[in-house]
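Colleague: Right, I'll just put the structure down here and ask away after.
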Amino acid sequence: MLFLRDAHNRIIRDLRVSLTDRCNFRCFYCLPNGEPPLARKETILTFEEIEYVCDIFVSLGIEKIRLTGGEPMLRKDIEVLIGKLARLKSQISNPKLKDLALTTNGHTFPRRAENLKRAGLDRVTISLDSLRRERFKEITGVDALENVFDSIEAAKKYHLTPVKINCVLVRGRNDDEIVDFARFARENDVKMRFIEFMPLDSGHDWTRESIVSAREIREKINARFPLALKEKSRGAETAWRYEFADGAPGEIGIVAPVTEMFCGACSRIRLTADGQIRTCLFSTEEYNLRDCLRSGSNRAEIVEFIRSVVLKKEARHTINDEKFAPASRSMSFIGG
Ligand code: SAM
Ligand code: SF4
C-alpha cells in the first residue's frame with residue numbers, strides 16, 4: 001500500500017471531515033453574523049458517501065479522523081455515522097483507523113455522550129473561550145457555559161478521553177483568562193489547547209494585532225504555573241505540549257499557526273460538508289470529490305483523484321507574507 005504523500009514529502013495521516021456548515025453558536029471569531037449555510041441539502045455528503053470515502057482514505061494510510069463543522073452535533077443521527085466509521089478501526093484488512101474524534105461546542109453533547117461512546121467515538125474536543133458566564137455569552141452569542149462544563153464532565157464519565165479543550169485567544173476579549181484556563185486544566189485534568197486567532201472568520205474582523213502570540217501565552221502561564229515541554233511534543237502535531245512542572249494533572253497545548261508556523265510537519269487534509277477536498281485551512285482552491293463520487297467513478301479512479309489532489313498540497317500558508325490572500329471559505333464551512 002502506498003501512503004498518501006504530498007509533493008513536499010509529507011505523509012498525510014489525518015483527515016478532518018466537516019459534517020455541516022451550520023451552527024447554533026455565533027462565535028465572533030468564526031461565524032459572527034450567522035450567515036445562512038453555503039452548502040445546499042442535496043450537495044451535503046450522505047452518511048453512506050462519507051463512510052465510503054473514509055474507507056478509501058483509511059486504505060491510503062489515514063489514521064485519524066476528526067468530525068467537525070460548523071457544529072457536527074447538528075447533523076441528525078451523528079451516532080449512526082460514528083458507528084459506521086468505527087468499523088474502520090476493527091476491519092480485518094490493513095491499514096486500520098486508529099482514532100475517531102469529534103470537535104463540538106458542547107451544546108447538546110452531555111445527553112448524547114453515552115450513545116456517542118457506545119457508537120465507537122474515541123475522544124472529544126470541546127470549545128471553551130471563557131470561564132465567565134456573561135463573557136461566554138458575549139463570545140458565542142449563547143448563554144451555555146454550564147452546558148460546556150457538563151460536556152466536560154460527560155466526556156470524562158463516558159471515557160471520551162483525554163478531553164481536549166480548544167480556546168481561541170483574542171486580544172482584549174479573553175486574554176486576561178490565560179492563567180485561569182491553566183488553573184482549570186490542572187483542577188479538571190484536561191488538555192487545554194490555546195489557539196491563535198486565524199484570519200478565517202466570516203466577519204473579516206481579524207487583525208494581526210488581535211493575535212495573542214504563543215510566546216505570550218507560554219510566559220504568562222509559566223510565571224504562575226511553571227511548565228515543562230513534553231518530549232516529542234510537536235512532531236506531526238500542531239501543538240507545543242507542556243506538562244506542569246510540579247506534576248499536577250492536565251496539559252497545556254499551544255497551537256500557533258501564525259507566530260510559530262508548523263506547516264512543514266502538517267499531516268492533514270480536509271473534506272467539507274459538501275464534499276470538497278481542501279489541502280490546507282488557507283487554500284484558495286478546492287477539489288470536488290463529491291462530483292467524482294456521484295459521476296460513477298470506480299474506487300480506483302477515486303483513489304487516483306485523491307492522490308492527485310494530495311500532490312497539490314501547499315508547502316505552507318502565507319498569512320505572514322505581504323501578499324496574503326484570504327482563504328476561499330471561512331472556518332465554519334471548512335471545518336476547524
Ligand atoms: N463547532 C465546533 C466547535 O466550536 O468546537 C466545531 C467546529 S469549530 C470551527 C472548530 C474549532 O475551530 C473550534 O475550536 C473553534 O474555536 C476554532 N475556530 C473557529 N474559528 C477560528 C478562528 N478564526 N481562528 C482560530 N480558531 C478558530
Ligand atoms: Fe459554531 Fe464552532 Fe464556529 Fe463557534 S467555532 S460559530 S461553535 S462552528
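Each chain of the C-alpha cells is named A, B, ... in the order shown, its residues numbered from 1; ligands are numbered from 1 in display order.
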Using only C-alpha atoms, determine which residues lie at most 12 Å from Pro110 in chain A, disregarding the query and same-chain residues fewer than 6 positions distant; provide the list as an MDAnalysis selection string.
Modeller: chainID A and resid 73 104 116:117 124 126 146:158 160
Colleague: Taking only C-alpha atoms and all ligand atoms into account, report as a ChimeraX atom specification which residues have an atom no farther than 9 Å from an atom of ligand 2.
Modeller: /A:21-32,34,68-72,103-107,127,139-141,168,201,331-333,335-336
Colleague: What's around Ile56 in chain A at 12 Å? Count only C-alpha atoms, leave out sequence neighbours fewer than 2 positions away in its own chain, and write the answer as a PyMOL selection string.
Modeller: chain A and resi 1+3-4+15+49-54+58-63+85+88+94-97+293+298-307
Colleague: What's the separation between CA of Trp206 in chain A and atom 21 (C, counted along the ligand's line) of ligand 1, in Å to one decimal place?
Modeller: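 Going from CA of Trp206 in chain A over to atom 21 (C, counted along the ligand's line) of ligand 1, I get 9.8 Å.
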Colleague: Extract, using only C-alpha atoms, all DNA, RNA and protein residues at most 8 Å from Ser210 in chain A, discarding same-chain residues fewer than 2 positions from it, and format them as a ChimeraX atom specification.
Modeller: /A:170-172,197,206-208,212
Colleague: Keeping N, CA and C atoms, export the residues of the selection given above as a short mmCIF file (atom, residue, chain, number, x, y, z; two decimals), in the first residue's frame.
Modeller:
data_model
loop_
_atom_site.label_atom_id
_atom_site.label_comp_id
_atom_site.auth_asym_id
_atom_site.auth_seq_id
_atom_site.Cartn_x
_atom_site.Cartn_y
_atom_site.Cartn_z
N VAL A 170 -8.17 35.94 21.93
CA VAL A 170 -8.23 37.15 21.11
C VAL A 170 -7.98 38.35 22.03
N ARG A 171 -7.05 39.17 21.60
CA ARG A 171 -6.63 40.33 22.40
C ARG A 171 -7.83 41.20 22.79
N GLY A 172 -7.91 41.48 24.08
CA GLY A 172 -8.96 42.37 24.56
C GLY A 172 -10.30 41.66 24.78
N PHE A 197 -5.75 33.18 17.02
CA PHE A 197 -6.83 33.65 16.14
C PHE A 197 -6.31 33.67 14.70
N TRP A 206 -10.60 39.90 11.60
CA TRP A 206 -9.27 39.50 12.07
C TRP A 206 -8.26 40.61 11.79
N THR A 207 -7.41 40.86 12.78
CA THR A 207 -6.27 41.74 12.55
C THR A 207 -5.07 41.09 13.22
N ARG A 208 -3.91 41.42 12.74
CA ARG A 208 -2.68 40.86 13.32
C ARG A 208 -2.55 41.26 14.80
N VAL A 212 -2.96 36.72 20.09
CA VAL A 212 -2.17 36.59 21.33
C VAL A 212 -1.13 35.53 21.01
#
Colleague: Identify, with DSSP run on backbone atoms, the residues in range 193-237 of chain A assigned to strand (DSSP E or B), and express the list as a compact mmCIF listing (two decimals) with all heavy atoms, in the first residue's frame.
Modeller:
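Written output follows (part_24.txt):
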# COMPACT_ATOMS: atom_id res chain seq x y z
N ARG A 193 -5.98 23.56 24.88
CA ARG A 193 -5.33 23.92 23.61
C ARG A 193 -5.62 25.38 23.33
O ARG A 193 -6.75 25.73 22.97
CB ARG A 193 -5.89 23.08 22.46
CG ARG A 193 -5.50 21.63 22.50
CD ARG A 193 -4.03 21.48 22.12
NE ARG A 193 -3.60 20.10 22.19
CZ ARG A 193 -3.06 19.52 23.27
NH1 ARG A 193 -2.89 20.20 24.38
NH2 ARG A 193 -2.67 18.26 23.23
N PHE A 194 -4.62 26.23 23.53
CA PHE A 194 -4.80 27.64 23.19
C PHE A 194 -4.50 27.80 21.70
O PHE A 194 -3.43 27.36 21.24
CB PHE A 194 -3.85 28.51 24.01
CG PHE A 194 -4.17 28.52 25.48
CD1 PHE A 194 -3.37 27.83 26.38
CD2 PHE A 194 -5.27 29.22 25.96
CE1 PHE A 194 -3.66 27.84 27.74
CE2 PHE A 194 -5.56 29.23 27.32
CZ PHE A 194 -4.77 28.54 28.21
N ILE A 195 -5.42 28.41 21.00
CA ILE A 195 -5.26 28.52 19.55
C ILE A 195 -5.16 29.99 19.16
O ILE A 195 -5.98 30.81 19.61
CB ILE A 195 -6.48 27.89 18.82
CG1 ILE A 195 -6.68 26.44 19.27
CG2 ILE A 195 -6.32 27.96 17.31
CD1 ILE A 195 -7.94 25.80 18.73
N GLU A 196 -4.19 30.32 18.34
CA GLU A 196 -4.10 31.70 17.86
C GLU A 196 -5.25 31.99 16.91
O GLU A 196 -5.64 31.13 16.10
CB GLU A 196 -2.78 31.91 17.11
CG GLU A 196 -1.58 32.05 18.02
CD GLU A 196 -0.28 32.25 17.24
OE1 GLU A 196 -0.26 32.10 16.00
OE2 GLU A 196 0.72 32.56 17.89
N ILE A 211 -4.06 38.98 17.60
CA ILE A 211 -3.46 37.67 17.93
C ILE A 211 -2.77 37.75 19.29
O ILE A 211 -2.08 38.73 19.59
CB ILE A 211 -2.39 37.29 16.88
CG1 ILE A 211 -3.04 37.11 15.52
CG2 ILE A 211 -1.66 36.02 17.29
CD1 ILE A 211 -2.01 36.85 14.43
N LEU A 227 6.01 25.47 33.52
CA LEU A 227 5.69 24.43 32.55
C LEU A 227 6.94 23.68 32.13
O LEU A 227 8.03 24.25 32.12
CB LEU A 227 5.07 25.06 31.30
CG LEU A 227 3.72 25.76 31.46
CD1 LEU A 227 3.36 26.48 30.15
CD2 LEU A 227 2.63 24.75 31.82
N ALA A 228 6.77 22.42 31.76
CA ALA A 228 7.89 21.65 31.20
C ALA A 228 7.45 21.13 29.85
O ALA A 228 6.38 20.52 29.73
CB ALA A 228 8.22 20.48 32.14
N LEU A 229 8.28 21.40 28.83
CA LEU A 229 7.95 20.95 27.47
C LEU A 229 7.93 19.43 27.46
O LEU A 229 8.84 18.79 27.97
CB LEU A 229 9.00 21.48 26.50
CG LEU A 229 8.73 21.27 25.01
CD1 LEU A 229 7.47 22.01 24.56
CD2 LEU A 229 9.92 21.75 24.19
Colleague: With distances taken over only C-alpha atoms, which residue among A:Pro199, A:Thr259, A:Ala248, A:Arg294 lies nearest Ala327 in chain A?
Modeller: A:Pro199
Colleague: Residues near Lys313 in chain A, anyone? I mean within 8 Å using only C-alpha atoms, not counting same-chain ones fewer than 2 positions away, as a ChimeraX atom specification.
Modeller: /A:6-7,279-280,309-311,315
Colleague: Would you work out the distance separating CA of Ser213 in chain A from CA of Pro162 in chain A, expressed in Å to one decimal?
Modeller: 25.2 Å
Colleague: May I ask for the distance between CA of Lys220 in chain A and CA of Ile252 in chain A, given in Å to one decimal place?
Modeller: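 Value for the CA of Lys220 in chain A-CA of Ile252 in chain A distance: 12.1 Å.
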Colleague: Give the answer as one residue: which of A:Arg66, A:Arg316, A:Arg186, A:Arg5 has the shortest atom-to-atom distance to ligand 1, using only C-alpha atoms and all ligand atoms?
Modeller: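 Among the listed residues, A:Arg66 lies closest to ligand 1.
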Colleague: Step one, run DSSP on the backbone; step two, keep only residues of range 50-283 of chain A assigned to helix (DSSP H, G or I); then write them as a VMD selection string.
Modeller: chain A and resid 50 to 59 72 to 74 78 to 90 110 to 119 133 to 140 145 to 157 175 to 188 208 to 210 214 to 224 263 to 265
Colleague: Any idea what's packed within 12 Å of Lys76 in chain A, counting only C-alpha atoms, ignoring anything in its chain fewer than 5 positions away? Could you give it as a ChimeraX atom specification?
Modeller: /A:19-20,46-47,71,81-82,108,112
Colleague: I need the chosen residues saved as a PDB file, in the first residue's frame, with all heavy atoms.
Modeller:
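Heads up, here's the output in part-v1.pdb:
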ATOM      1  N   LEU A  19     -19.146  17.964   8.914  1.00  0.00           N
ATOM      2  CA  LEU A  19     -20.448  17.312   8.680  1.00  0.00           C
ATOM      3  C   LEU A  19     -21.533  18.309   8.284  1.00  0.00           C
ATOM      4  O   LEU A  19     -22.569  17.927   7.759  1.00  0.00           O
ATOM      5  CB  LEU A  19     -20.891  16.540   9.930  1.00  0.00           C
ATOM      6  CG  LEU A  19     -19.973  15.390  10.349  1.00  0.00           C
ATOM      7  CD1 LEU A  19     -20.599  14.637  11.517  1.00  0.00           C
ATOM      8  CD2 LEU A  19     -19.730  14.441   9.182  1.00  0.00           C
ATOM      9  N   THR A  20     -21.300  19.568   8.594  1.00  0.00           N
ATOM     10  CA  THR A  20     -22.278  20.609   8.236  1.00  0.00           C
ATOM     11  C   THR A  20     -21.597  21.965   8.359  1.00  0.00           C
ATOM     12  O   THR A  20     -20.661  22.119   9.143  1.00  0.00           O
ATOM     13  CB  THR A  20     -23.506  20.569   9.175  1.00  0.00           C
ATOM     14  OG1 THR A  20     -24.371  21.665   8.854  1.00  0.00           O
ATOM     15  CG2 THR A  20     -23.132  20.672  10.648  1.00  0.00           C
ATOM     16  N   THR A  46     -23.891  12.309   2.004  1.00  0.00           N
ATOM     17  CA  THR A  46     -24.697  11.431   2.852  1.00  0.00           C
ATOM     18  C   THR A  46     -23.754  10.631   3.758  1.00  0.00           C
ATOM     19  O   THR A  46     -22.540  10.553   3.507  1.00  0.00           O
ATOM     20  CB  THR A  46     -25.501  10.434   2.008  1.00  0.00           C
ATOM     21  OG1 THR A  46     -24.563   9.588   1.324  1.00  0.00           O
ATOM     22  CG2 THR A  46     -26.396  11.142   0.995  1.00  0.00           C
ATOM     23  N   PHE A  47     -24.326   9.997   4.789  1.00  0.00           N
ATOM     24  CA  PHE A  47     -23.504   9.165   5.671  1.00  0.00           C
ATOM     25  C   PHE A  47     -22.843   8.041   4.861  1.00  0.00           C
ATOM     26  O   PHE A  47     -21.690   7.682   5.107  1.00  0.00           O
ATOM     27  CB  PHE A  47     -24.353   8.566   6.793  1.00  0.00           C
ATOM     28  CG  PHE A  47     -24.706   9.555   7.879  1.00  0.00           C
ATOM     29  CD1 PHE A  47     -25.551   9.176   8.922  1.00  0.00           C
ATOM     30  CD2 PHE A  47     -24.193  10.850   7.880  1.00  0.00           C
ATOM     31  CE1 PHE A  47     -25.873  10.075   9.942  1.00  0.00           C
ATOM     32  CE2 PHE A  47     -24.512  11.750   8.879  1.00  0.00           C
ATOM     33  CZ  PHE A  47     -25.361  11.365   9.916  1.00  0.00           C
ATOM     34  N   GLU A  71     -21.294  23.006  13.505  1.00  0.00           N
ATOM     35  CA  GLU A  71     -21.469  22.197  14.710  1.00  0.00           C
ATOM     36  C   GLU A  71     -21.884  20.785  14.298  1.00  0.00           C
ATOM     37  O   GLU A  71     -23.018  20.568  13.869  1.00  0.00           O
ATOM     38  CB  GLU A  71     -22.510  22.856  15.638  1.00  0.00           C
ATOM     39  CG  GLU A  71     -22.827  22.060  16.872  1.00  0.00           C
ATOM     40  CD  GLU A  71     -21.594  21.492  17.593  1.00  0.00           C
ATOM     41  OE1 GLU A  71     -20.580  22.188  17.739  1.00  0.00           O
ATOM     42  OE2 GLU A  71     -21.646  20.305  17.997  1.00  0.00           O
ATOM     43  N   LEU A  81     -23.499   7.622  11.954  1.00  0.00           N
ATOM     44  CA  LEU A  81     -22.264   7.800  11.178  1.00  0.00           C
ATOM     45  C   LEU A  81     -21.053   7.322  11.984  1.00  0.00           C
ATOM     46  O   LEU A  81     -20.164   6.633  11.448  1.00  0.00           O
ATOM     47  CB  LEU A  81     -22.083   9.273  10.792  1.00  0.00           C
ATOM     48  CG  LEU A  81     -20.772   9.574  10.073  1.00  0.00           C
ATOM     49  CD1 LEU A  81     -20.725   8.880   8.705  1.00  0.00           C
ATOM     50  CD2 LEU A  81     -20.560  11.071   9.897  1.00  0.00           C
ATOM     51  N   ILE A  82     -21.033   7.668  13.261  1.00  0.00           N
ATOM     52  CA  ILE A  82     -19.896   7.260  14.092  1.00  0.00           C
ATOM     53  C   ILE A  82     -19.814   5.733  14.143  1.00  0.00           C
ATOM     54  O   ILE A  82     -18.731   5.150  14.034  1.00  0.00           O
ATOM     55  CB  ILE A  82     -19.997   7.911  15.490  1.00  0.00           C
ATOM     56  CG1 ILE A  82     -19.661   9.400  15.328  1.00  0.00           C
ATOM     57  CG2 ILE A  82     -19.052   7.248  16.495  1.00  0.00           C
ATOM     58  CD1 ILE A  82     -19.871  10.249  16.534  1.00  0.00           C
ATOM     59  N   THR A 108     -25.246  20.305  22.827  1.00  0.00           N
ATOM     60  CA  THR A 108     -26.174  19.177  23.042  1.00  0.00           C
ATOM     61  C   THR A 108     -25.417  17.912  23.437  1.00  0.00           C
ATOM     62  O   THR A 108     -25.980  16.828  23.459  1.00  0.00           O
ATOM     63  CB  THR A 108     -26.975  18.879  21.752  1.00  0.00           C
ATOM     64  OG1 THR A 108     -26.037  18.533  20.722  1.00  0.00           O
ATOM     65  CG2 THR A 108     -27.810  20.062  21.326  1.00  0.00           C
ATOM     66  N   ARG A 112     -25.931  13.213  24.969  1.00  0.00           N
ATOM     67  CA  ARG A 112     -25.662  12.257  23.888  1.00  0.00           C
ATOM     68  C   ARG A 112     -24.312  11.568  24.020  1.00  0.00           C
ATOM     69  O   ARG A 112     -23.965  10.695  23.215  1.00  0.00           O
ATOM     70  CB  ARG A 112     -25.790  12.976  22.542  1.00  0.00           C
ATOM     71  CG  ARG A 112     -27.240  13.417  22.322  1.00  0.00           C
ATOM     72  CD  ARG A 112     -27.385  14.342  21.160  1.00  0.00           C
ATOM     73  NE  ARG A 112     -27.157  13.689  19.885  1.00  0.00           N
ATOM     74  CZ  ARG A 112     -27.107  14.359  18.735  1.00  0.00           C
ATOM     75  NH1 ARG A 112     -27.273  15.663  18.720  1.00  0.00           N
ATOM     76  NH2 ARG A 112     -26.887  13.720  17.613  1.00  0.00           N
TER      77      ARG A 112
END
Colleague: Taking into account only C-alpha atoms, which residue in the set A:Asn174, A:Arg118, A:Met192, A:Arg75 is nearest to Glu138 in chain A?
Modeller: A:Asn174
Colleague: Quick one: residues within 9 Å of Ala239 in chain A, only C-alpha atoms counted, chain neighbours fewer than 5 positions away excluded, as a ChimeraX atom specification?
Modeller: /A:193-195,233-234,253-256,262
Colleague: Looking at only C-alpha atoms and all ligand atoms, which of A:Phe225, A:Phe57, A:Phe324, A:Phe109 is the one that sits closest to ligand 1?
Modeller: A:Phe109
Colleague: I need the residue nearest Ala223 in chain A from this list: A:Asp14, A:Gly250, A:Ala182, A:Lys191. Use only C-alpha atoms for the distance.
Modeller: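 Closest candidate: A:Ala182.
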Colleague: Measuring atom to atom with only C-alpha atoms, identify which of A:Glu114, A:Asp180, A:Val258, A:Lys64 is nearest to Arg132 in chain A.
Modeller: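 Selected residue with least distance to Arg132 in chain A: A:Asp180.
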